[in-house]
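A.B. asks: Sharing protein-v8.txt below, compact mmCIF, C-alpha atoms:
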# COMPACT_ATOMS: atom_id res chain seq x y z
CA MET A 1 -5.25 44.76 -8.39
CA CYS A 2 -5.08 42.55 -11.48
CA SER A 3 -1.62 41.03 -11.23
CA LEU A 4 1.27 40.27 -8.88
CA VAL A 5 5.00 40.85 -9.23
CA ASN A 6 6.67 38.19 -11.39
CA PRO A 7 8.21 35.75 -8.87
CA THR A 8 10.65 34.08 -11.30
CA LYS A 9 13.87 35.56 -9.91
CA LEU A 10 12.87 34.83 -6.33
CA ALA A 11 12.00 31.25 -7.24
CA LEU A 12 15.46 30.52 -8.60
CA LEU A 13 17.11 31.29 -5.27
CA VAL A 14 14.73 29.43 -2.99
CA ALA A 15 14.54 26.34 -5.19
CA LEU A 16 18.21 25.72 -4.52
CA MET A 17 17.67 25.88 -0.79
CA LEU A 18 14.60 23.73 -0.15
CA SER A 19 13.96 20.12 -1.11
CA LEU A 20 12.31 19.77 -4.51
CA SER A 21 9.99 17.08 -3.17
CA ALA A 22 8.78 18.85 -0.03
CA SER A 23 5.21 18.24 1.14
CA ARG A 24 2.34 20.69 0.85
CA VAL A 25 -0.21 19.72 3.50
CA CYS A 26 -3.46 21.57 2.84
CA TYR A 27 -6.07 21.96 5.57
CA ALA A 28 -9.75 22.31 4.77
CA THR A 29 -13.11 22.53 6.47
CA VAL A 30 -16.27 20.83 5.25
CA ALA A 31 -17.48 22.10 1.89
CA ASN A 32 -18.39 20.86 -1.57
CA PHE A 33 -15.05 20.00 -3.22
CA THR A 34 -16.50 18.58 -6.43
CA GLN A 35 -15.07 21.38 -8.58
CA ASN A 36 -12.04 22.22 -6.41
CA THR A 37 -8.80 22.13 -8.41
CA ALA A 38 -6.51 23.78 -5.84
CA ILE A 39 -6.38 20.46 -4.01
CA GLY A 40 -4.42 19.06 -6.97
CA LEU A 41 -1.46 21.22 -5.90
CA CYS A 42 -1.31 19.52 -2.49
CA SER A 43 0.59 16.38 -1.60
CA GLN A 44 -1.71 15.74 1.37
CA ALA A 45 -5.07 17.32 2.19
CA VAL A 46 -6.65 17.24 5.65
CA LEU A 47 -10.38 17.71 6.26
CA GLN A 48 -11.26 18.86 9.78
CA VAL A 49 -14.46 16.86 10.06
CA LEU A 50 -14.56 14.33 12.93
CA LYS A 51 -14.89 14.54 16.72
CA VAL A 52 -14.93 12.13 19.64
CA GLY A 53 -18.51 11.32 20.64
CA THR A 54 -19.94 9.85 23.81
CA ASN A 55 -19.04 6.30 24.81
CA GLY A 56 -16.42 5.94 22.09
CA THR A 57 -18.56 6.92 19.14
CA VAL A 58 -17.45 9.12 16.26
CA THR A 59 -19.35 12.33 15.52
CA TYR A 60 -18.96 15.13 13.01
CA VAL A 61 -17.94 18.77 13.17
CA THR A 62 -21.25 20.57 12.65
CA SER A 63 -22.58 24.10 12.75
CA ALA A 64 -25.87 25.94 12.53
CA THR A 65 -25.67 25.77 8.74
CA GLN A 66 -24.05 22.34 8.41
CA THR A 67 -25.97 19.53 10.04
CA THR A 68 -24.70 15.97 10.40
CA THR A 69 -26.62 15.02 7.26
CA THR A 70 -25.03 17.86 5.30
CA VAL A 71 -21.53 16.93 6.47
CA ARG A 72 -22.07 13.29 5.52
CA ASN A 73 -23.25 14.32 2.07
CA LEU A 74 -20.29 16.65 1.49
CA LEU A 75 -17.53 14.47 2.93
CA PRO A 76 -17.24 12.17 -0.13
CA THR A 77 -16.64 15.16 -2.40
CA PHE A 78 -13.38 15.69 -0.52
CA CYS A 79 -12.14 12.09 -0.63
CA ASN A 80 -13.22 11.67 -4.23
CA ARG A 81 -10.82 14.35 -5.48
CA ARG A 82 -8.29 11.53 -5.49
CA VAL A 83 -9.96 10.29 -8.65
CA ALA A 84 -8.82 13.42 -10.51
CA TYR A 85 -5.50 13.59 -8.62
CA PRO A 86 -4.36 10.03 -7.80
CA TYR A 87 -1.12 11.30 -6.19
CA LEU A 88 -3.11 13.20 -3.56
CA GLU A 89 -3.36 11.70 -0.06
CA PRO A 90 -6.61 12.87 1.60
CA TYR A 91 -6.84 12.56 5.41
CA LEU A 92 -9.84 12.86 7.75
CA ALA A 93 -8.95 14.74 10.92
CA VAL A 94 -10.31 14.12 14.41
CA VAL A 95 -10.30 17.48 16.21
CA GLY A 96 -10.95 18.33 19.83
CA ALA A 97 -9.61 19.63 23.13
CA GLY A 98 -8.57 17.73 26.22
CA THR A 99 -11.16 19.66 28.21
CA GLU A 100 -14.06 18.30 26.16
CA ALA A 101 -15.87 15.63 28.16
CA PRO A 102 -16.21 12.93 25.43
CA LEU A 103 -12.55 13.23 24.47
CA ALA A 104 -11.34 13.25 28.08
CA THR A 105 -13.49 10.22 28.90
CA MET A 106 -12.22 8.36 25.86
CA LEU A 107 -8.61 8.89 26.89
CA ALA A 108 -9.30 7.95 30.51
CA SER A 109 -11.10 4.67 29.84
CA ALA A 110 -9.33 1.77 28.14
CA THR A 111 -12.67 0.27 27.11
CA ILE A 112 -14.04 3.45 25.59
CA ARG A 113 -10.67 4.15 24.00
CA GLY A 114 -10.79 0.76 22.31
CA ASN A 115 -14.36 1.34 21.17
CA PHE A 116 -13.44 4.68 19.65
CA ILE A 117 -10.48 3.28 17.75
CA LYS A 118 -12.64 0.51 16.28
CA ALA A 119 -15.38 2.96 15.33
CA LEU A 120 -12.92 5.45 13.82
CA VAL A 121 -11.12 2.88 11.70
CA ALA A 122 -14.44 1.41 10.54
CA LEU A 123 -15.74 4.86 9.52
CA VAL A 124 -12.61 5.82 7.59
CA LYS A 125 -12.70 2.49 5.74
CA THR A 126 -16.10 3.49 4.33
CA TYR A 127 -14.27 6.28 2.44
CA PRO A 128 -11.59 4.25 0.61
CA ARG A 129 -10.35 7.24 -1.36
CA CYS A 130 -9.32 8.92 1.90
CA VAL A 131 -6.06 7.24 2.83
CA GLY A 132 -5.43 8.41 6.36
CA ILE A 133 -6.45 9.73 9.76
CA MET A 134 -5.07 12.83 11.44
CA ILE A 135 -5.34 13.28 15.21
CA ASP A 136 -5.55 16.96 16.14
CA PHE A 137 -6.00 17.26 19.90
CA SER A 138 -5.21 20.53 21.66
CA GLY A 139 -5.21 21.50 25.31
CA LEU A 140 -4.15 18.12 26.68
CA SER A 141 -2.94 18.15 30.28
CA THR A 142 -0.01 16.34 31.86
CA SER A 143 -2.49 13.99 33.54
CA GLN A 144 -3.63 12.88 30.06
CA ALA A 145 -0.13 12.30 28.68
CA THR A 146 0.10 8.56 29.36
CA ALA A 147 -3.40 7.90 28.03
CA TYR A 148 -2.70 9.98 24.91
CA SER A 149 0.50 8.05 24.25
CA THR A 150 -1.33 4.74 24.72
CA PHE A 151 -4.12 5.91 22.44
CA MET A 152 -1.75 6.93 19.65
CA ALA A 153 0.15 3.64 19.84
CA ALA A 154 -3.05 1.57 19.73
CA LEU A 155 -4.54 3.65 16.92
CA LEU A 156 -1.38 3.30 14.84
CA THR A 157 -1.51 -0.49 15.24
CA ALA A 158 -5.17 -0.58 14.20
CA ALA A 159 -4.64 1.81 11.30
CA GLN A 160 -1.69 -0.14 9.92
CA ALA A 161 -3.66 -3.38 10.16
CA ASN A 162 -6.24 -1.78 7.88
CA SER A 163 -3.78 -0.08 5.50
CA ILE A 164 -4.69 3.37 6.80
CA LEU A 165 -2.05 6.08 7.28
CA LEU A 166 -1.86 8.04 10.54
CA ALA A 167 -0.61 11.58 11.13
CA SER A 168 -0.84 14.07 13.98
CA ALA A 169 -1.16 17.82 14.44
CA LEU A 170 0.44 19.46 17.43
CA PRO A 171 -0.64 22.78 18.97
CA TRP A 172 1.57 25.86 18.58
CA ASP A 173 2.81 25.50 22.16
CA ALA A 174 3.53 21.76 21.91
CA SER A 175 7.21 22.27 22.73
CA ARG A 176 6.15 23.80 26.05
CA TYR A 177 4.27 20.60 26.83
CA ALA A 178 6.77 18.10 25.50
CA ASP A 179 5.93 15.68 28.31
CA VAL A 180 2.34 15.56 26.99
CA TYR A 181 2.63 15.53 23.21
CA PHE A 182 6.01 13.97 22.42
CA ASN A 183 5.74 10.19 22.65
CA PRO A 184 7.40 7.16 21.02
CA THR A 185 4.65 6.86 18.39
CA LEU A 186 5.23 10.26 16.75
CA PRO A 187 8.30 9.32 14.68
CA LYS A 188 6.41 6.31 13.32
CA LEU A 189 3.61 8.42 11.83
CA ALA A 190 3.32 9.46 8.20
CA PHE A 191 3.97 13.06 9.26
CA ASN A 192 3.45 15.52 12.11
CA VAL A 193 2.23 19.08 11.58
CA LEU A 194 3.52 21.75 13.96
CA ARG A 195 1.15 24.70 14.24
CA THR A 196 3.91 27.28 14.02
CA PHE A 197 1.89 30.44 13.48
CA GLU A 198 4.62 33.00 13.14
CA ASP A 199 5.49 36.63 13.62
CA PHE A 200 8.45 38.57 12.28
CA PHE A 201 11.11 40.61 13.99
CA GLN A 202 10.17 44.14 13.03
CA SER A 203 13.84 45.12 12.61
CA SER A 204 14.66 42.32 10.16
CA THR A 205 13.13 40.98 6.97
CA SER A 206 15.13 37.76 7.05
CA ILE A 207 14.29 36.30 10.47
CA ILE A 208 11.12 34.47 11.39
CA HIS A 209 10.14 34.10 15.01
CA PRO A 210 7.67 31.21 15.36
CA LEU A 211 5.42 31.21 18.39
CA ASN A 212 6.49 27.58 18.81
CA PRO A 213 10.30 27.77 18.46
CA LEU A 214 11.73 25.27 16.01
CA PHE A 215 15.37 26.13 16.44
CA ALA A 216 17.78 23.25 17.16
CA MET A 217 15.03 20.76 16.57
CA ALA A 218 15.25 17.49 18.46
CA ALA A 219 13.89 14.05 17.65
CA PRO A 220 11.40 13.17 16.32
CA PHE A 221 11.19 16.52 14.55
CA ASN A 222 14.71 16.42 13.11
CA ASN A 223 13.49 13.93 10.52
CA PRO A 224 12.91 15.89 7.29
CA ALA A 225 10.68 13.14 5.96
CA ASN A 226 7.79 13.58 8.37
CA THR A 227 7.86 17.00 10.03
CA ILE A 228 5.68 19.74 8.54
CA ALA A 229 5.29 23.35 9.69
CA LEU A 230 2.04 25.29 9.30
CA LEU A 231 3.59 28.55 8.12
CA PHE A 232 0.92 29.81 5.76
CA SER A 233 -2.54 30.70 7.00
CA THR A 234 -5.21 33.19 6.09
CA GLN A 235 -6.24 33.58 9.69
CA PHE A 236 -3.09 33.74 11.81
CA GLY A 237 0.13 35.73 11.88
CA VAL A 238 1.48 39.17 12.68
CA GLN A 239 1.94 41.94 10.14
CA THR A 240 5.39 42.68 8.77
CA ASN A 241 5.51 45.75 6.59
CA ASN A 242 9.21 45.15 5.98
CA ALA A 243 8.53 41.85 4.21
CA GLY A 244 5.63 43.31 2.28
CA GLU A 245 2.84 41.48 4.11
CA SER A 246 -0.44 43.16 4.94
CA ILE A 247 -3.11 42.43 7.47
CA THR A 248 -6.80 43.05 7.99
CA SER A 249 -8.87 42.08 11.00
CA SER A 250 -12.26 42.11 12.60
CA SER A 251 -13.35 41.58 16.19
CA SER A 252 -12.84 37.84 15.85
CA LEU A 253 -10.54 37.13 12.88
CA THR A 254 -7.22 38.31 11.53
CA TYR A 255 -6.34 37.78 7.88
CA VAL A 256 -2.70 37.87 6.75
CA PHE A 257 -1.82 38.45 3.10
CA ASN A 258 1.54 36.95 2.20
CA SER A 259 3.98 38.70 -0.13
CA PHE A 260 6.45 36.83 -2.33
CA GLY A 261 9.28 38.07 -0.11
CA ALA A 262 7.60 36.78 3.04
CA ILE A 263 6.83 33.43 1.39
CA ASP A 264 10.48 32.97 0.47
CA ILE A 265 11.57 33.75 4.04
CA LYS A 266 9.15 31.14 5.38
CA LEU A 267 10.21 28.49 2.88
CA ASN A 268 13.85 29.08 3.71
CA PHE A 269 12.95 28.80 7.39
CA ALA A 270 11.40 25.39 6.73
CA ARG A 271 14.52 24.30 4.89
CA THR A 272 17.02 25.50 7.51
CA ASN A 273 15.09 23.67 10.23
CA SER A 274 15.16 20.39 8.26
CA LEU A 275 11.40 20.25 7.82
CA GLY A 276 9.71 18.00 5.30
CA GLY A 277 7.46 20.72 3.93
CA VAL A 278 4.85 23.29 4.86
CA ALA A 279 1.15 23.27 5.64
CA LEU A 280 -1.45 25.79 4.55
CA PHE A 281 -4.89 26.84 5.79
CA SER A 282 -7.21 26.72 4.10
CA LEU A 283 -8.26 25.16 0.83
CA ASN A 284 -11.67 26.76 1.30
CA THR A 285 -10.15 30.22 0.77
CA ALA A 286 -7.51 29.29 -1.83
CA GLY A 287 -9.29 31.07 -4.67
CA ALA A 288 -9.86 29.90 -8.23
CA ASN A 289 -6.15 29.82 -9.08
CA ALA A 290 -4.79 29.14 -5.57
CA GLU A 291 -2.00 31.69 -6.15
CA LEU A 292 -0.26 31.16 -2.79
CA LEU A 293 -0.35 27.37 -3.00
CA ARG A 294 0.62 27.45 -6.68
CA TYR A 295 3.68 29.62 -6.00
CA ILE A 296 4.80 27.47 -3.05
CA THR A 297 4.43 24.35 -5.18
CA SER A 298 6.49 25.92 -7.96
CA ILE A 299 9.32 26.42 -5.47
CA ILE A 300 9.38 23.27 -3.36
CA ALA A 301 7.79 20.72 -5.72
CA PRO A 302 7.98 22.14 -9.25
CA THR A 303 7.83 18.73 -10.92
CA PRO A 304 4.53 16.87 -10.54
CA PRO A 305 4.51 13.16 -9.72
CA THR A 306 5.56 11.01 -12.66
CA GLY A 307 2.77 10.61 -15.19
CA TYR A 308 0.68 13.53 -13.93
CA THR A 309 0.34 17.28 -14.38
CA TYR A 310 -0.69 19.95 -11.91
CA PRO A 311 -4.01 21.80 -12.41
CA VAL A 312 -3.64 24.54 -15.01
CA ALA A 313 -4.26 28.11 -13.88
CA THR A 314 -6.94 30.11 -15.63
CA ALA A 315 -6.31 33.59 -16.99
CA PRO A 316 -6.66 36.24 -14.26
CA THR A 317 -9.50 38.70 -14.58
CA CYS A 318 -10.06 42.10 -13.05
CA GLY A 319 -13.10 42.67 -10.91
What does this structure look like when you write it as structure tokens?

C.D. replies:
Amino acid sequence: MCSLVNPTKLALLVALMLSLSASRVCYATVANFTQNTAIGLCSQAVLQVLKVGTNGTVTYVTSATQTTTTVRNLLPTFCNRRVAYPYLEPYLAVVGAGTEAPLATMLASATIRGNFIKALVALVKTYPRCVGIMIDFSGLSTSQATAYSTFMAALLTAAQANSILLASALPWDASRYADVYFNPTLPKLAFNVLRTFEDFFQSSTSIIHPLNPLFAMAAPFNNPANTIALLFSTQFGVQTNNAGESITSSSSLTYVFNSFGAIDIKLNFARTNSLGGVALFSLNTAGANAELLRYITSIIAPTPPTGYTYPVATAPTCG
């Protein structure tokens, strides 16, 4: 298909309902971002690149095709996009699960915890065009709650002392484990992303049912300035024929294709729950014109930061 339905009429309605300065937090995995222009439509971009190493060291997210050396070589191409888009705030994310031995040991030991914070801050400072750190820990247990809270408080202090921003990502079931993830540091962070991968009620095209309920949101997530919902993803979600979405899947991945109608429902959901914006995954699959991100930006942040312009879309071509 060469073109999509003109979204102009839909945009007029939603623009009146959602803040015109809402955030677009764009997730990405390690790649060469030298020529990436989609990132210029984001307010914040988060690269999932770091992990907790042994004895408080910092390691990288690697794979069979991306060695540590490759990751180190590619990482600056992400941070350096701030040269082209000075309003962009790039973050480096530390990812991991509470069951992973290095992460669990770091949380359990005050000494190792301190070593990791020092090493993390020092590493991020070597990439001055990346402005912040995101902590993205899943699968934490109640026994790790106090240590996690202590870690976040200490990391925030160290980050602020070095003019580094700090944000967090919470797993989709974070509300189920409020005693683990919700701590006094969260409302002090630049923003918090809730992994609200959603499904739809099959009988209604106007109701979203997040897997992590956001209804009647309580502090700190009732602050529209720093709460973001991950509502748009190429790899998560449940099909809704009524809203015009489609789905394709393999044995290990599910890809959801958003329609304009479904996008508007999700944006209105973010607005009615007093969220500060939406998050998207991933920049790596945004495409040359980043149609989904471009449409969302046209609705919730149609005016670029003062003195700048958004990346211009190229003419669509048929394959």

A.B. asks: Just checking: using only C-alpha atoms, which residue out of A:Ile133, A:Val180, A:Ala154, A:Ala286 ends up closest to A:Asn36?

C.D. replies: A:Ala286

A.B. asks: Identify, on the basis of only C-alpha atoms, every residue whose closest approach to A:Val124 does not exceed 9 Å; exclude the query and any residue fewer than 4 positions from it along the same chain; express the result as a list in words.

C.D. replies: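 Answer for this query is Leu92, Ala119, Leu120, Pro128, Cys130, Val131, Gly132, Ile133 and Ile164 of chain A.
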
A.B. asks: Which one of A:Thr297, A:Gln144, A:Gln44, A:Thr157 sits closest to A:Lys188 if you count only C-alpha atoms?

C.D. replies: A:Thr157

A.B. asks: Could you list, as a list in words, every residue within 12 Å of A:Thr68, counting all atoms listed in the file and ignoring same-chain residues fewer than 3 positions away?

C.D. replies: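 Using all atoms listed in the file, the neighbours found are Val30, Val49, Leu50, Lys51, Val58, Thr59, Tyr60, Val61, Thr62, Ser63, Ala64, Thr65, Val71, Arg72, Asn73, Leu74 and Leu75 of chain A.
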
A.B. asks: Produce a file of the selected residues containing C-alpha atoms, as a JSON list (two decimals), in the frame of the given file.

C.D. replies:
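Output (again06.json):
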[["chain", "number", "residue", "atom", "x", "y", "z"],
["A", 30, "VAL", "CA", -16.27, 20.83, 5.25],
["A", 49, "VAL", "CA", -14.46, 16.86, 10.06],
["A", 50, "LEU", "CA", -14.56, 14.33, 12.93],
["A", 51, "LYS", "CA", -14.89, 14.54, 16.72],
["A", 58, "VAL", "CA", -17.45, 9.12, 16.26],
["A", 59, "THR", "CA", -19.35, 12.33, 15.52],
["A", 60, "TYR", "CA", -18.96, 15.13, 13.01],
["A", 61, "VAL", "CA", -17.94, 18.77, 13.17],
["A", 62, "THR", "CA", -21.25, 20.57, 12.65],
["A", 63, "SER", "CA", -22.58, 24.10, 12.75],
["A", 64, "ALA", "CA", -25.87, 25.94, 12.53],
["A", 65, "THR", "CA", -25.67, 25.77, 8.74],
["A", 71, "VAL", "CA", -21.53, 16.93, 6.47],
["A", 72, "ARG", "CA", -22.07, 13.29, 5.52],
["A", 73, "ASN", "CA", -23.25, 14.32, 2.07],
["A", 74, "LEU", "CA", -20.29, 16.65, 1.49],
["A", 75, "LEU", "CA", -17.53, 14.47, 2.93]]

A.B. asks: Can you measure atom CA of A:Thr70 to atom CA of A:Leu170 for me? One decimal in Å is fine.

C.D. replies: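 Taking atom CA of A:Thr70 as the start and atom CA of A:Leu170 as the end point, the length is 28.3 Å.
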
A.B. asks: Using only C-alpha atoms, which residue out of A:Leu47, A:Leu292, A:Val25, A:Ala315 lies closest to A:Val193?

C.D. replies: A:Val25

A.B. asks: Expressed in Å to a single decimal, how great is the separation between atom CA of A:Pro90 and atom CA of A:Pro305?

C.D. replies: 15.9 Å

A.B. asks: For atom CA of A:Ala288 and atom CA of A:Ala38, determine how far apart the two atoms are, in Å to one decimal place.

C.D. replies: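 Calculated distance between atom CA of A:Ala288 and atom CA of A:Ala38 is 7.4 Å.
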
A.B. asks: Restricting the calculation to only C-alpha atoms, which member of A:Thr99, A:Ser259, A:Gln160, A:Thr306 is positioned closest to A:Leu140?

C.D. replies: A:Thr99

A.B. asks: Check the smallest atom-to-atom distance from each of A:Tyr127, A:Phe137, A:Phe78, A:Tyr85 to A:Glu100 using all atoms listed in the file, then report the winner.

C.D. replies: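 That would be A:Phe137, the residue with the smallest distance to A:Glu100.
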
A.B. asks: Ranking A:Thr54, A:Ser163, A:Thr185, A:Ser23 by minimum distance to A:Cys42 and counting all atoms listed in the file, which one comes first?

C.D. replies: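 Looking at the shortest contact to A:Cys42, the residue is A:Ser23.
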
A.B. asks: From the block you just saw, export stretch 92-102 of chain A: all heavy atoms, as a PDB file, in the first residue's frame.

C.D. replies:
ATOM      1  N   LEU A  92      20.951   6.858  28.459  1.00  0.00           N
ATOM      2  CA  LEU A  92      21.505   5.509  28.391  1.00  0.00           C
ATOM      3  C   LEU A  92      20.831   4.683  29.471  1.00  0.00           C
ATOM      4  O   LEU A  92      20.829   5.063  30.646  1.00  0.00           O
ATOM      5  CB  LEU A  92      23.019   5.540  28.595  1.00  0.00           C
ATOM      6  CG  LEU A  92      23.812   6.373  27.581  1.00  0.00           C
ATOM      7  CD1 LEU A  92      25.308   6.299  27.891  1.00  0.00           C
ATOM      8  CD2 LEU A  92      23.531   5.915  26.161  1.00  0.00           C
ATOM      9  N   ALA A  93      20.245   3.566  29.074  1.00  0.00           N
ATOM     10  CA  ALA A  93      19.477   2.742  30.011  1.00  0.00           C
ATOM     11  C   ALA A  93      20.298   1.573  30.531  1.00  0.00           C
ATOM     12  O   ALA A  93      21.026   0.915  29.782  1.00  0.00           O
ATOM     13  CB  ALA A  93      18.207   2.216  29.349  1.00  0.00           C
ATOM     14  N   VAL A  94      20.158   1.332  31.846  1.00  0.00           N
ATOM     15  CA  VAL A  94      20.712   0.140  32.480  1.00  0.00           C
ATOM     16  C   VAL A  94      19.569  -0.857  32.617  1.00  0.00           C
ATOM     17  O   VAL A  94      18.582  -0.592  33.311  1.00  0.00           O
ATOM     18  CB  VAL A  94      21.296   0.447  33.864  1.00  0.00           C
ATOM     19  CG1 VAL A  94      21.949  -0.803  34.456  1.00  0.00           C
ATOM     20  CG2 VAL A  94      22.294   1.588  33.791  1.00  0.00           C
ATOM     21  N   VAL A  95      19.666  -1.989  31.933  1.00  0.00           N
ATOM     22  CA  VAL A  95      18.598  -2.979  31.934  1.00  0.00           C
ATOM     23  C   VAL A  95      19.040  -4.228  32.692  1.00  0.00           C
ATOM     24  O   VAL A  95      20.231  -4.518  32.801  1.00  0.00           O
ATOM     25  CB  VAL A  95      18.178  -3.340  30.496  1.00  0.00           C
ATOM     26  CG1 VAL A  95      17.699  -2.108  29.752  1.00  0.00           C
ATOM     27  CG2 VAL A  95      19.345  -3.974  29.733  1.00  0.00           C
ATOM     28  N   GLY A  96      18.064  -4.951  33.214  1.00  0.00           N
ATOM     29  CA  GLY A  96      18.389  -6.178  33.926  1.00  0.00           C
ATOM     30  C   GLY A  96      17.222  -6.661  34.755  1.00  0.00           C
ATOM     31  O   GLY A  96      16.209  -5.966  34.917  1.00  0.00           O
ATOM     32  N   ALA A  97      17.359  -7.860  35.298  1.00  0.00           N
ATOM     33  CA  ALA A  97      16.328  -8.476  36.130  1.00  0.00           C
ATOM     34  C   ALA A  97      16.879  -8.750  37.517  1.00  0.00           C
ATOM     35  O   ALA A  97      18.087  -9.000  37.688  1.00  0.00           O
ATOM     36  CB  ALA A  97      15.829  -9.774  35.493  1.00  0.00           C
ATOM     37  N   GLY A  98      16.001  -8.706  38.495  1.00  0.00           N
ATOM     38  CA  GLY A  98      16.416  -8.936  39.874  1.00  0.00           C
ATOM     39  C   GLY A  98      16.981 -10.318  40.121  1.00  0.00           C
ATOM     40  O   GLY A  98      17.670 -10.544  41.123  1.00  0.00           O
ATOM     41  N   THR A  99      16.717 -11.246  39.213  1.00  0.00           N
ATOM     42  CA  THR A  99      17.233 -12.609  39.353  1.00  0.00           C
ATOM     43  C   THR A  99      18.641 -12.767  38.810  1.00  0.00           C
ATOM     44  O   THR A  99      19.273 -13.804  39.021  1.00  0.00           O
ATOM     45  CB  THR A  99      16.303 -13.589  38.623  1.00  0.00           C
ATOM     46  OG1 THR A  99      16.127 -13.154  37.271  1.00  0.00           O
ATOM     47  CG2 THR A  99      14.935 -13.657  39.304  1.00  0.00           C
ATOM     48  N   GLU A 100      19.140 -11.762  38.100  1.00  0.00           N
ATOM     49  CA  GLU A 100      20.497 -11.842  37.563  1.00  0.00           C
ATOM     50  C   GLU A 100      21.503 -11.633  38.691  1.00  0.00           C
ATOM     51  O   GLU A 100      21.398 -10.671  39.455  1.00  0.00           O
ATOM     52  CB  GLU A 100      20.690 -10.796  36.474  1.00  0.00           C
ATOM     53  CG  GLU A 100      19.806 -11.028  35.256  1.00  0.00           C
ATOM     54  CD  GLU A 100      19.905  -9.908  34.242  1.00  0.00           C
ATOM     55  OE1 GLU A 100      20.722  -8.970  34.449  1.00  0.00           O
ATOM     56  OE2 GLU A 100      19.169  -9.944  33.232  1.00  0.00           O
ATOM     57  N   ALA A 101      22.475 -12.507  38.785  1.00  0.00           N
ATOM     58  CA  ALA A 101      23.404 -12.496  39.916  1.00  0.00           C
ATOM     59  C   ALA A 101      24.139 -11.163  40.102  1.00  0.00           C
ATOM     60  O   ALA A 101      24.189 -10.634  41.215  1.00  0.00           O
ATOM     61  CB  ALA A 101      24.398 -13.650  39.785  1.00  0.00           C
ATOM     62  N   PRO A 102      24.726 -10.565  39.058  1.00  0.00           N
ATOM     63  CA  PRO A 102      25.448  -9.298  39.280  1.00  0.00           C
ATOM     64  C   PRO A 102      24.531  -8.186  39.802  1.00  0.00           C
ATOM     65  O   PRO A 102      24.933  -7.413  40.674  1.00  0.00           O
ATOM     66  CB  PRO A 102      25.996  -8.975  37.890  1.00  0.00           C
ATOM     67  CG  PRO A 102      26.080 -10.278  37.190  1.00  0.00           C
ATOM     68  CD  PRO A 102      24.890 -11.052  37.672  1.00  0.00           C
TER      69      PRO A 102
END
